[in-house]
Amino acid sequence: MEDFSFGRELRLLTPSHYSRIFNEPARAATPYFTLLAKPNDQEKPRLGLTVAKKRVKKACQRNRIKRLARESFRLNKHNLDNIDIVLMVKSGVDEQSNEELTKQLTKLWRKINERCKPGAPKPPPFKKRPNKSAKSNKQPR
RNA sequence: CGAGUCAGCCAAGAUGAUCGCUGCCUGUGACGAAAAUGAUCAGGGGGAGGAAAGUCCGGGCUCCACAGGGCAGAGUGCCAGCUAACGGCUGGGGGGCGUGAGCCCACGACAAGUGCAGCAGAGAGGAGACCGCCAACCUCGGUUGGUAAGGGUGAAAGGGUGCGGUAAGAGCGCACCGGGCCGCUAGUAAUAGUCGGUUGCAAGGUAAACUCCACUCGGAGCAAGACCAAAUAGGGUUCUAUCAUUUUAAAUAAUGAACGCGUGGCCCACGUUGGAACCGGGUAGGUUGCUUGAGCCAUAGAGCGAUUUAUGGCCUAGACGAAUGAUUAUCACUUUCUUCGGAAAGGACAAAACCCGGCUUAUAGGCUGACUCACUCA
RNA sequence: CGGCGAUUAGCGCAGUUUGGUAGCGCACUUGGUUUGGGUCCAAGGGGUCGCAGGUUCAAAUCCUGCAUCGCCGA
């Protein structure tokens with residue numbers, strides 16, 4: 001029987017936890033999510049969520065996305081190594097169905113775990129994304 | 001049956017299953033000498049709203065300030081009541097809309113004072129002669145005077161209709177209607193009146209213009225405030241005494257040395273030369289404030305009503321990178337398709353953050369009651 | 001969660017106090033100057049004044065309610 005619990009020891013609780021991960025993390029992304037991750041010295045994986053008000057306007061939609069992410073993490077955490085993950089969202093998530101988001105998240109957990117393995121190639125140094133705005137302007141709405 | 005008005009209620013459709021989150025209660029009881037605290041695990045029964053929203057008002061609560069009063073500033077604005085309070089609600093008055101049930105209204109004062117009204121128009125406020133009308137004069141087209149009935153301008157032109165009157169006109173006079181003032185009556189009052197008297201009508205609009213009048217208001221907000229408090233740096237007190245020598249009551253003073261900074265190196269200049277204990281401020285972090293309250297339900301009484309009194313019963317979320325969820329089964333409901341077996345899709349607005357009373361805004365639908373209008377039948 | 005401010009032409013801003021005509025700079029268009037371009041000169045176009053109600057004869061301006069953007073407080 002797998003352990004599916006999700007207590008406080010599996011979450012990132014303070015700003016210092018978060019800022020550690022923002023410094024040179026491994027990255028994985030889909031059109032609606034971005035994951036940042038780093039190995040930790042605990043025995044378990046840990047999860048933190050950032051759902052910006054700028055990206056998702058309504059409070060009940062923010063809650064829905066956070067719940068889905070936590071639920072997905074809870075069901076998949078036994079496949080993860082000891083890493084800290086921060087999940088960020090992009091604009092447009094609130095228009096997607098629960099089913100679609102769950103599918104994307106399940107893929108992402110596997111992907112981020114691969115990239116955090118010690119043998120994996122080091123990610124390029126964290127730079128400011130060049131000309132991100134120019135690129136997004138080209139994309140059709 | 002159709003159209004409509006008002007009031008109230010429900011709201012991720014209902015019931016299960018599996019896997020989770022959270023705080024409460026009961027048991028367990030790690031660490032610890034023990035007590036206390038209560039880690040962990042198990043069980044039980046709770047766990048978003050009518051607007052939780054906007055933050056537009058009002059209050060509780062907390063801290064700060066404060067003799068008393070006034071000014072300034074802000075707000076409210078028909079009258080009476082309700083309330084902890086209000087810009088809210090109830091009842092009444094007045095005005096407007098609707099055939100009606102009903103709905104809407106910042107609705108004090110411009111006769112205290114000041115201001116504003118572009119353009120047009122003769123004239124924009126105790127006025128005025130552009131056209132017209134009338135009279136006089138003359139060069140027959142004008143001049144002077146009278147005149148507010150008619151035309152024209154404007155959002156707005158200084159009571160209305162009729163008769164008399166007049167050179168033409170005019171509240172100039174009269175009748176009726178309307179208005180002002182004083183009184184009477186009804187009403188707590190706003191206000192009302194087939195009421196009485198008086199007044200030719202003189203001062204029109206605008207106060208979401210300044211202003212005046214009446215009433216209200218100290219400021220900030222739970223990120224308020226209270227308590228505990230690591231590391232690092234720094235402050236104070238005491239003791240000891242530093243790397244050496246001399247000196248002094250005393251690390252009191254002086255010299256040298258060392259180290260740091262700077263340099264390829266040197267000189268000069270600058271700075272530092274330990275340790276211990278205690279004290280207070282205070283950051284990260286934690287605890288508290290934190291949910292029993294102007295509370296909810298039922299019955300009875302008072303009141304037209306808002307509301308209130310009495311008795312009985314009930315306890316109904318307290319999170320903090322922030323819980324209240326996900327998947328699935330069966331059964332209902334709506335729409336579409338249909339080979340009438342079924343299949344597919346769908347269910348609003350929206351998430352507590354100290355707590356209440358209101359207002360405003362968003363909202364798929366469903367249910368209940370009262371009433372109005374139209375038509376038909378009896 | 002609480003407390004504040006702003007929204008006017010493609011861009012940056014006046015005008016709002018005291019209600020009647022929406023203006024300035026850059027940019028844009030046309031013409032002139034020049035061999036041509038720039039500079040310079042002259043003329044011109046372009047604005048539901050964030051949205052919806054109300055007060056008023058008349059609203060960018062006064063009042064009310066919404067929307068969007070931004071700032072501050074641990």
# chains A, B, ... in the order shown; residues from 1 in each chain; ligands from 1
$ interface_residues --of "chain B" --to "chain A" --cutoff "8 Å" --atoms "only C-alpha atoms (C1' of nucleotides)" --output "list in words"
C19, G20, C21, G321, G325, A326, A350 and A351 of chain B
$ residues_around --residues "range 55-65 of chain C" --least-positions-apart "6" --cutoff "12 Å" --atoms "only C-alpha atoms (C1' of nucleotides)" --output "VMD selection string"
(chain B and resid 54 56 106 117 to 119 154 to 156 205 to 209 359 to 361) or (chain C and resid 7 to 8 15 to 20 22 47 to 49)
$ write_last_selection --atoms "C-alpha atoms (C1' of nucleotides)" --output "PDB file, in the first residue's frame"
ATOM      1  C1'   G B  54     -16.635  46.281  -3.747  1.00  0.00           C
ATOM      2  C1'   C B  56     -19.326  53.081   0.082  1.00  0.00           C
ATOM      3  C1'   A B 106     -30.062  64.552  -2.187  1.00  0.00           C
ATOM      4  C1'   A B 117     -26.887  82.261 -17.236  1.00  0.00           C
ATOM      5  C1'   G B 118     -21.960  81.207 -23.359  1.00  0.00           C
ATOM      6  C1'   C B 119     -24.517  81.963 -28.309  1.00  0.00           C
ATOM      7  C1'   G B 154     -34.027  81.618 -26.363  1.00  0.00           C
ATOM      8  C1'   A B 155     -33.553  76.198 -21.914  1.00  0.00           C
ATOM      9  C1'   A B 156     -35.980  80.317 -19.481  1.00  0.00           C
ATOM     10  C1'   G B 205     -34.268  80.042 -12.334  1.00  0.00           C
ATOM     11  C1'   U B 206     -29.818  77.916 -10.135  1.00  0.00           C
ATOM     12  C1'   A B 207     -27.591  75.964  -3.376  1.00  0.00           C
ATOM     13  C1'   A B 208     -24.938  67.733  -6.815  1.00  0.00           C
ATOM     14  C1'   A B 209     -22.622  77.533  -7.066  1.00  0.00           C
ATOM     15  C1'   C B 359     -25.835  49.839   1.264  1.00  0.00           C
ATOM     16  C1'   U B 360     -24.057  48.804  -3.705  1.00  0.00           C
ATOM     17  C1'   U B 361     -22.609  45.533  -7.573  1.00  0.00           C
TER      18        U B 361
ATOM     19  C1'   U C   7      -7.597  57.182 -16.368  1.00  0.00           C
ATOM     20  C1'   U C   8      -8.052  63.352 -21.957  1.00  0.00           C
ATOM     21  C1'   G C  15      -7.470  71.990 -18.974  1.00  0.00           C
ATOM     22  C1'   U C  16     -11.456  69.829 -13.776  1.00  0.00           C
ATOM     23  C1'   U C  17     -10.558  74.415  -8.348  1.00  0.00           C
ATOM     24  C1'   U C  18     -14.636  78.849 -10.635  1.00  0.00           C
ATOM     25  C1'   G C  19     -19.663  73.938 -15.714  1.00  0.00           C
ATOM     26  C1'   G C  20     -20.593  76.783 -22.027  1.00  0.00           C
ATOM     27  C1'   A C  22     -11.087  70.475 -25.541  1.00  0.00           C
ATOM     28  C1'   G C  47     -10.012  62.640 -29.292  1.00  0.00           C
ATOM     29  C1'   U C  48     -17.127  57.916 -27.465  1.00  0.00           C
ATOM     30  C1'   C C  49     -12.306  63.070 -22.357  1.00  0.00           C
TER      31        C C  49
END
$ atom_distance --atom1 "C1' of G46 in chain B" --atom2 "C1' of C25 in chain B"
10.7 Å
$ residues_around --residues "Ile85 in chain A" --least-positions-apart "5" --cutoff "10 Å" --atoms "only C-alpha atoms (C1' of nucleotides)" --output "NGL selection string"
:A and (11-12 or 18 or 21 or 25-27 or 35-40 or 45-49 or 109 or 112-113)
